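For reference, the structure is listed below as structure tokens.
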Amino acid sequence: MMSRPIVADYKLLAAAGILSVFGIAMVYSAGQTDTPTAVAGLYKSQALWLLIGLGFAYAVGHSSVRFIEWMTTPLYALSVFLLGLTLVIGKGAGTAASTKSWLAIGSHRIGQPSEIAKVTVVLMLAKVLANQREAPKSLLDLWKPALVVGIPWMIIMLQPDLGTGIVFIGIFFAMLYWSGVSWPLLVLIASPAISLILSFSVGLWGAWFFILLALVLWYRPYLIEGIVLMVLNVATGVVAPMMWEKLAPYQQNRLKTFLDPTADVRGSGYHVIQSKVAIGSGGLFGQGFTLGTQKRLAFLPEQHTDFIFSVVGEELGFIGVTVALGLFLWLFLRITQIAERANDSYSSLVAFGLMSGWFVHVLVNVGMTLNLMPITGIPLPFFSYGGSFMLASWLAIGVLMRISGEGRGSALSLYR
Amino acid sequence: MSTLFLGLGFVVLVGAFFNTQVIKNKQYVMQSEENRLRPIPLPAPRGIIYDRHGEVIAENLPAYSVSITAPSVDSLRSSLALLAPTLQLAQSDINLAIRRYRRAPTRPTVILPDASIDIVSVLEEHRLDFPRLIIQSVPKRYYPDGPIVASFVGYTGEISESELNDPKYANYKPGQQIGKGGLEKQYESILHGKEGVRFDEVDARGRPVRGEGPRPDLDAEGAPPLYTNIDLDLQRFTSAIFADSLQGGAIAIDPNTGEVLALYSAPSWDPNKFTGGIPVDYYKQLLEDKRRPLVNKTIQGRYPPGSTFKLATSVIALRDGLVGLKEHMPVSCSGGYQFGNRYFRCWDKRGHGSLDLEGAIKHSCDVYFYQLGLKVGLTKLIAGGINLNMRDRTSIDLPEENPPIWPSGRDYYDRKYGPRGWSNAETLNLAIGQGANSQTVANMARFYTALAMQGQQARPEIAHLVPQRKQLYNLTQQQDSVLLEGLKAVLEAGGTAGASAIAGLTLAGKTGTAQNTGGEDHGWFVGFAPADKPKIVVAVLLEFGLHGSRAAHIASAIIGHYLKVGPIQAIMDEG
């Protein structure tokens with residue numbers, strides 16, 4: 001189904017293309033260890049996945065936004081179905097061997113449906129939000145979008161895959177914001193989670209509770225909503241920590257492991273320590289491409305997937321890190337522009353949703369390498385080795401190319 | 001708004017990376033190097049020990065040590081279990097290795113300090129199976145003369161747990177070799193070289209990945225040599241005289257300087273067998289030997305000095321002007337002396353008649369010295385002995401020396417027997433070298449250096465450092481010559497050691513018999529030569545040697561060998 005040709009968004013293409021080539025180069029370097037492992041040849045497969053991804057992007061770029069919108073519901077349904085399937089026949093991999101995020105036939109792993117779901121959930125959420133006449137004003141107005149994200153989210157948390165779960169929540173809030181949901185309402189929605197985070201300190205939680213009270217009185221949600229919110233906040237901020245304290249250490253560990261199987265397998269933060277040492281020893285200019293010793297001598301774990309950014313830090317130094325992060329920023333700003341100039345709210349929401357998903361990935365993954373974020377086993381877009389994510393990412397680039405091309409006057413002409 | 005949010009996120013990340021990579025760079029570079037660089041200590045060769053003519057007493061031979069690195073005790077245990085059959089490890093070796101590991105887990109743990117070439121070649125074949133194994137060429141201590149030099153050179157061995165706790169060894173690490181006795185221990189700080197270090201690059205599993213050092217090696221610095229005063233030729237000769245049948249101690253000193261020319265304790269032991277761990281059965285054999293080879297009979301063993309002490313009594317009496325040179329004692333010797341209700345015998349029950357000091361020394365007449373002792377009096381005798389260093393170590397440069405035994409004062413007897421439990425008869429015993437008086441061979445030799453040098457004694461010294469001499473006592477020239485004539489007469493016809501005279505050489509000396517309640521008496525001889533210009537003082541103690549004449553014979557042989565005079569006269573044992 002071909003539609004009218006568009007002018008390609010070269011800036012978008014360039015940003016994503018350079019990031020992908022940079023990423024494959026890093027996967028190649030990740031394979032260069034003194035004791036050769038299977039990682040050595042993975043850059044080839046990653047390049048192949050990029051080519052396939054480019055093909056997908058090309059195909060999607062030649063469809064139309066309306067067609068994508070039309071396909072949204074079936075694609076969403078299919079991805080939820082595949083996600084559900086992982087609970088039945090799912091397999092784990094690597095550090096998360098006990099989980100079920102991989103769809104597998106026999107012992108052969110095919111792919112991770114959650115990566116594809118990241119894209120389809122954005123599409124579905126955009127569709128639902130775009131169909132609403134006006135931005136949701138109350139919590140009750142949010143039941144539909146909440147359901148769209150909630151169903152796959154529940155399945156992912158059952159796999160369990162905390163990292164992907166966090167990405168979904170990030171996407172959910174970002175798209176609500178983009179659809180025009182007011183700040184106070186977003187804060188009210190997020191309040192139980194904030195309570196949970198602040199629950200470690202009675203004083204902080206108390207202060208937060210008063211701010212929340214003031215916010216509720218000012219925003220004046222429905223009475224029942226207000227009461228439910230306050231009860232939820234008390235539950236997460238006071239009752240949950242009390243219950244947590246009552247658990248025996250082994251029960252706490254079980255719960256932690258259940259929520260996040262990749263965290264701290266060797267104990268005492270070995271992964272993160274080695275990652276910080278790798279990054280810190282890189283200095284301003286790095287130890288040189290493929291020459292990082294932490295990586296070469298296998299001190300750096302998961303150097304081609306979760307901790308690939310540590311290789312960037314070790315081998316290319318602060319300069320390399322800044323260039324990589326700059327490329328990401330360039331990409332994200334470009335997509336924000338696309339979202340701002342999109343023809344319709346569906347397109348705009350899709351663009352912003354995809355961008356926010358990647359942003360959460362970058363923030364959590366890169367932050368994790370410096371111990372600013374918990375280890376959740378979340379990959380770095382365009383860098384971390386992995387076919388499903390590469391495909392999904394380039395599928396998303398294809399969608400963005402289409403949205404950009406159909407955008408009024410096209411972004412390219414605006415910048416001329 | 002969203003742009004601001006994006007920008008903020010990236011600024012925070014870039015800031016965090018700047019902090020880690022640029023500001024804290026040094027700290028992480030160090031951690032990264034700690035991760036990948038494994039320091040392998042390179043043992044330094046110990047200083048070579050030479051005798052006075054440049055002959056080697058102690059040197060280093062190449063040997064192989066086998067050590068291993070391990071991330072944990074459990075890993076070490078399993079590695080040792082795998083290696084045990086190849087290395088022929090006993091359970092005790094394994095326990096020892098684990099103790100070494102616990103002390104210093106970051107250092108390679110020594111498994112075999114001295115591996116045989118067979119084991120090393122087998123290990124080299126299987127090097128890939130045991131990547132953490134380190135086979136090193138290390139210097140191993142070797143004493144070409146073995147048991148001959150053991151009495152003064154000591155031995156080396158691995159530093160022990162208790163030594164590691166000693167602040168003196170604060171900079172030492174488990175598995176290092178240190179001096180354990182003798183010169184090796186005394187001069188450890190000189191003989192111990194400076195350990196070097198080689199850096200191996202290892203991966204996360206501790207496997208070495210690169211041969212050439214990623215960081216330059218720090219070479220081990222060998223220790224400077226130690227030059228000693230020992231005359232190895234004389235030492236060998238001394239050892240040969242004792243052979244296997246005799247037991248006792250001997251020391252030869254140059255009285256002019258205090259240089260120790262020879263020091264031997266018989267029977268000896270083989271220090272080469274002690275290097276790199278004392279074999280249990282050998283050690284047991286030495287411990288169970290009734291001749292007590294592990295007791296150094298020259299500096300540790302203490303024996304009543306017997307008649308050799310009569311010269312000390314003489315010096316005390318002469319110095320205080322309590323006896324004239326030609327003076328005879330009130331009672332002449334008829335084989336004994338009646339003191340109160342006790343009869344004190346002379347060693348020769350035929351009696352010596354009336355003697356002056358020179359004659360009393362020549363014949364070693366007990367009756368004369370009983371009366372001389374009484375003339376001096378107990379208090380002055382004890383003080384005089386203390387004054388002549390009879391309570392002090394010689395301060396010879398060996399760590400094992402025992403102090404001699406001599407009363408500190410009259411109260412010594414009060415404490416020992418009760419205030420009324422003893423009589424003045426102790427004076428008689430002390431005067432002839434019996435009683436509360438036990439001396440080391442070295443200390444008697446030290447006293448005789450003063451007799452040889454008109455009262456100027458020399459501190460015996462094995463390593464060639466700074467000689468220390470002091471005036472022990474001052475006598476008139478006449479007094480000195482009377483003592484000397486008496487000592488010379490001992491080795492003339494009719495003297496107690498007349499049979500040990502050497503033709504063409506004037507010897508001076510004194511025999512002695514140390515009464516031994518546990519068995520046969522020990523025999524002493526302390527003397528010097530040439531009598532008028534002494535070059536060597538020799539003290540010999542023969543355990544169960546009955547009387548000093550046999551000891552005198554050994555001493556005169558040592559002297560004759562050193563001064564290259566001889567052959568000595570035929571042996572004629574006296575009664």
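Chain labels A, B, ... are given in the sequence in which chains occur in the structure tokens; within each chain residues are numbered consecutively from 1, and ligands are likewise numbered from 1 in the order shown.
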
Would you tabulate, counting only C-alpha atoms, all residues of chain A that have an atom at most 7 Å from an atom of chain B, showing the closest pair of atoms and their distance in Å to one decimal, sorted by chain then ascending number, as CSV?
```
residue,atom,partner,partner_atom,distance
A:Asp34,CA,B:Val209,CA,7.0
A:Val277,CA,B:Tyr28,CA,5.0
A:Ala278,CA,B:Ser32,CA,6.9
A:Ile279,CA,B:Gln21,CA,6.3
A:Gly280,CA,B:Gln21,CA,4.2
A:Ser281,CA,B:Val29,CA,4.2
A:Gly282,CA,B:Gln21,CA,6.2
A:Gly283,CA,B:Gln21,CA,4.5
A:Leu284,CA,B:Val22,CA,5.9
A:Gln294,CA,B:Ser32,CA,6.7
A:Leu297,CA,B:Asp203,CA,4.1
A:Ala298,CA,B:Ala204,CA,5.3
A:Phe299,CA,B:Ala204,CA,4.9
A:Phe318,CA,B:Gln21,CA,6.1
A:Thr322,CA,B:Val14,CA,6.5
A:Leu333,CA,B:Thr3,CA,6.9
A:Gly367,CA,B:Leu13,CA,7.0
```

Quick one: residues within 7 Å of Gly512 in chain B, only C-alpha atoms counted, chain neighbours fewer than 6 positions away excluded, as a list in words?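 My list of contacting residues is Pro305, Gly306, Ser307, Thr308, Gly523, Trp524, Phe525, His547 and Gly548 of chain B.
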
Export N, CA and C atoms of the chosen residues as a PDB file, in the first residue's frame?
```
ATOM      1  N   PRO B 305      83.743 -23.562  85.467  1.00  0.00           N
ATOM      2  CA  PRO B 305      85.018 -23.370  84.766  1.00  0.00           C
ATOM      3  C   PRO B 305      86.180 -24.125  85.404  1.00  0.00           C
ATOM      4  N   GLY B 306      85.968 -24.604  86.638  1.00  0.00           N
ATOM      5  CA  GLY B 306      87.035 -25.386  87.269  1.00  0.00           C
ATOM      6  C   GLY B 306      88.304 -24.568  87.394  1.00  0.00           C
ATOM      7  N   SER B 307      89.418 -25.247  87.241  1.00  0.00           N
ATOM      8  CA  SER B 307      90.718 -24.613  87.514  1.00  0.00           C
ATOM      9  C   SER B 307      91.047 -23.474  86.568  1.00  0.00           C
ATOM     10  N   THR B 308      90.387 -23.428  85.390  1.00  0.00           N
ATOM     11  CA  THR B 308      90.681 -22.304  84.499  1.00  0.00           C
ATOM     12  C   THR B 308      90.309 -21.001  85.173  1.00  0.00           C
ATOM     13  N   GLY B 523      86.094 -31.606  80.625  1.00  0.00           N
ATOM     14  CA  GLY B 523      87.455 -31.108  80.643  1.00  0.00           C
ATOM     15  C   GLY B 523      87.576 -29.766  79.946  1.00  0.00           C
ATOM     16  N   TRP B 524      88.378 -28.859  80.558  1.00  0.00           N
ATOM     17  CA  TRP B 524      88.563 -27.519  80.016  1.00  0.00           C
ATOM     18  C   TRP B 524      90.014 -27.302  79.631  1.00  0.00           C
ATOM     19  N   PHE B 525      90.234 -26.476  78.662  1.00  0.00           N
ATOM     20  CA  PHE B 525      91.545 -25.842  78.506  1.00  0.00           C
ATOM     21  C   PHE B 525      91.323 -24.476  77.875  1.00  0.00           C
ATOM     22  N   HIS B 547      89.384 -34.781  82.360  1.00  0.00           N
ATOM     23  CA  HIS B 547      90.326 -33.798  82.856  1.00  0.00           C
ATOM     24  C   HIS B 547      90.754 -32.928  81.691  1.00  0.00           C
ATOM     25  N   GLY B 548      91.264 -31.735  81.964  1.00  0.00           N
ATOM     26  CA  GLY B 548      91.593 -30.769  80.924  1.00  0.00           C
ATOM     27  C   GLY B 548      92.708 -31.160  79.982  1.00  0.00           C
TER      28      GLY B 548
END
```

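CA of Gly385 in chain B is positioned 19.8 Å from CA of Trp422 in chain B.
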
Counting only C-alpha atoms, what is within 7 Å of range 431-434 of chain B, bar same-chain residues fewer than 5 positions away, as a JSON list (two decimals) with C-alpha atoms, in the first residue's frame?
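Result saved to out.json:
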```json
[["chain", "number", "residue", "atom", "x", "y", "z"],
["B", 304, "PRO", "CA", 81.71, -24.84, 85.94],
["B", 305, "PRO", "CA", 85.02, -23.37, 84.77],
["B", 306, "GLY", "CA", 87.04, -25.39, 87.27],
["B", 307, "SER", "CA", 90.72, -24.61, 87.51],
["B", 309, "PHE", "CA", 88.98, -19.90, 86.89],
["B", 310, "LYS", "CA", 91.94, -19.88, 89.28],
["B", 313, "THR", "CA", 90.90, -15.59, 91.59],
["B", 366, "ASP", "CA", 93.54, -26.38, 95.11],
["B", 369, "PHE", "CA", 93.62, -21.32, 96.06],
["B", 370, "TYR", "CA", 91.32, -22.30, 98.95],
["B", 373, "GLY", "CA", 90.04, -17.30, 98.33]]
```

Pick from A:Asn233, A:Ser347, A:Thr290, A:Ser114: nearest to Ala30 in chain A, with only C-alpha atoms counted? A:Thr290

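DSSP secondary structure from the backbone places Ile117, Asp118, Ile119, Val120, Ser121, Val122, Leu123, Glu124, Glu125, Ala150, Ser151, Phe152, Val153, Glu161, Ser162, Glu163, Leu164, Asn165, Gly182, Leu183, Glu184, Lys185, Gln186, Glu188, Ser189, Ile190 and Leu191 of chain B of range 106-230 of chain B in alpha helix (DSSP H).
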
Residue selection dump (C-alpha atoms) as a compact mmCIF listing (two decimals), in the first residue's frame:
```
# COMPACT_ATOMS: atom_id res chain seq x y z
CA ILE B 117 63.36 -30.03 38.97
CA ASP B 118 61.13 -33.05 38.30
CA ILE B 119 58.10 -31.34 39.77
CA VAL B 120 58.88 -28.11 37.96
CA SER B 121 59.13 -29.83 34.59
CA VAL B 122 55.82 -31.64 35.12
CA LEU B 123 54.16 -28.37 36.11
CA GLU B 124 55.58 -26.57 33.09
CA GLU B 125 53.94 -29.17 30.85
CA ALA B 150 76.57 -24.28 61.44
CA SER B 151 77.67 -23.26 64.95
CA PHE B 152 78.11 -19.63 64.04
CA VAL B 153 76.43 -19.10 60.66
CA GLU B 161 53.76 -16.65 62.40
CA SER B 162 55.22 -15.32 65.64
CA GLU B 163 58.00 -13.50 63.80
CA LEU B 164 55.42 -11.83 61.58
CA ASN B 165 53.75 -10.49 64.72
CA GLY B 182 73.66 -17.34 64.07
CA LEU B 183 75.07 -14.70 61.76
CA GLU B 184 72.06 -15.10 59.45
CA LYS B 185 69.80 -13.82 62.21
CA GLN B 186 72.25 -11.38 63.80
CA GLU B 188 69.43 -10.12 58.98
CA SER B 189 69.02 -6.40 58.30
CA ILE B 190 72.26 -6.41 56.27
CA LEU B 191 71.92 -9.81 54.64
```

Could you check how far CA of Lys100 in chain A sits from CA of Leu82 in chain A, in Å to one decimal? 11.9 Å

Do you know which residues are at most 10 Å from range 138-149 of chain A counting only C-alpha atoms, after dropping those on the same chain fewer than 5 positions away, and could you put them as a VMD selection string? chain A and resid 76 80 117 to 118 121 to 122 124 to 129 132 154 165 168 to 169 171 to 172 175 to 176 181 to 182 185 to 186 188 to 189 219 to 222 225 to 226 229

Within 12 Å of range 59-64 of chain A, counting only C-alpha atoms, which residues show up once you throw out same-chain ones fewer than 4 positions away? Write them as a PyMOL selection string, please. chain A and resi 1-9+13+52-55+68-71+347+392+394-407

Just the number, please: distance in Å from CA of Arg296 in chain A to CA of Gln32 in chain A, one decimal.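 Going from CA of Arg296 in chain A over to CA of Gln32 in chain A covers 6.4 Å.
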
Considering only C-alpha atoms, return as a ChimeraX atom specification whatever protein or nucleic-acid residues lie within 9 Å of range 264-269 of chain B, sequence-local ones (same chain, fewer than 5 positions apart) excluded. /B:146-152,235,238-239,242-251,286,291-299

Can you tell me, as a ChimeraX atom specification, what residues are no more than 8 Å from Met444 in chain B when counting only C-alpha atoms, ignoring any on the same chain fewer than 2 positions away? /B:305,308,439-442,446-448,526,539

Taking only range 130-309 of chain B into account, list the residues labelled strand (DSSP E) by DSSP (computed from the backbone), as number ranges by chain. B: 133-142, 156-158, 177-179, 196-202, 208-210, 226-227, 248-254, 259-266

Take the residues just selected and output them with C-alpha atoms as an mmCIF file, in the first residue's frame.
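New file part.cif:
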```cif
data_model
loop_
_atom_site.group_PDB
_atom_site.id
_atom_site.type_symbol
_atom_site.label_atom_id
_atom_site.label_comp_id
_atom_site.auth_asym_id
_atom_site.auth_seq_id
_atom_site.Cartn_x
_atom_site.Cartn_y
_atom_site.Cartn_z
ATOM 1 C CA LEU B 133 50.369 -21.038 39.202
ATOM 2 C CA ILE B 134 53.627 -19.117 39.404
ATOM 3 C CA ILE B 135 56.910 -20.994 39.018
ATOM 4 C CA GLN B 136 59.790 -18.745 39.905
ATOM 5 C CA SER B 137 63.515 -19.074 39.970
ATOM 6 C CA VAL B 138 64.488 -18.048 43.476
ATOM 7 C CA PRO B 139 67.805 -17.865 45.291
ATOM 8 C CA LYS B 140 68.305 -20.620 47.836
ATOM 9 C CA ARG B 141 70.771 -20.405 50.697
ATOM 10 C CA TYR B 142 73.654 -22.847 50.541
ATOM 11 C CA THR B 156 67.619 -19.413 57.037
ATOM 12 C CA GLY B 157 63.997 -20.366 56.774
ATOM 13 C CA GLU B 158 60.532 -19.039 56.098
ATOM 14 C CA GLN B 177 63.096 -16.243 53.900
ATOM 15 C CA ILE B 178 64.834 -14.786 56.914
ATOM 16 C CA GLY B 179 67.856 -15.568 59.048
ATOM 17 C CA GLY B 196 61.647 -6.639 43.716
ATOM 18 C CA VAL B 197 58.323 -6.888 41.961
ATOM 19 C CA ARG B 198 57.124 -7.903 38.524
ATOM 20 C CA PHE B 199 53.698 -6.919 37.253
ATOM 21 C CA ASP B 200 51.639 -9.489 35.407
ATOM 22 C CA GLU B 201 48.511 -8.425 33.606
ATOM 23 C CA VAL B 202 45.592 -10.673 34.515
ATOM 24 C CA PRO B 208 47.770 -13.970 33.123
ATOM 25 C CA VAL B 209 47.226 -12.567 29.644
ATOM 26 C CA ARG B 210 50.421 -10.830 28.652
ATOM 27 C CA LEU B 226 79.228 -9.899 54.885
ATOM 28 C CA TYR B 227 82.931 -10.282 55.575
ATOM 29 C CA GLY B 248 82.043 -30.030 73.238
ATOM 30 C CA GLY B 249 82.815 -26.510 72.145
ATOM 31 C CA ALA B 250 85.811 -24.562 70.976
ATOM 32 C CA ILE B 251 86.509 -20.958 70.140
ATOM 33 C CA ALA B 252 89.644 -19.298 68.778
ATOM 34 C CA ILE B 253 90.089 -15.548 69.122
ATOM 35 C CA ASP B 254 92.794 -13.151 68.064
ATOM 36 C CA GLU B 259 88.410 -11.397 65.883
ATOM 37 C CA VAL B 260 86.856 -14.824 66.185
ATOM 38 C CA LEU B 261 88.953 -17.159 64.047
ATOM 39 C CA ALA B 262 86.930 -20.305 64.662
ATOM 40 C CA LEU B 263 83.850 -21.229 66.630
ATOM 41 C CA TYR B 264 82.606 -24.763 66.735
ATOM 42 C CA SER B 265 80.179 -26.853 68.726
ATOM 43 C CA ALA B 266 80.292 -30.616 68.426
#
```
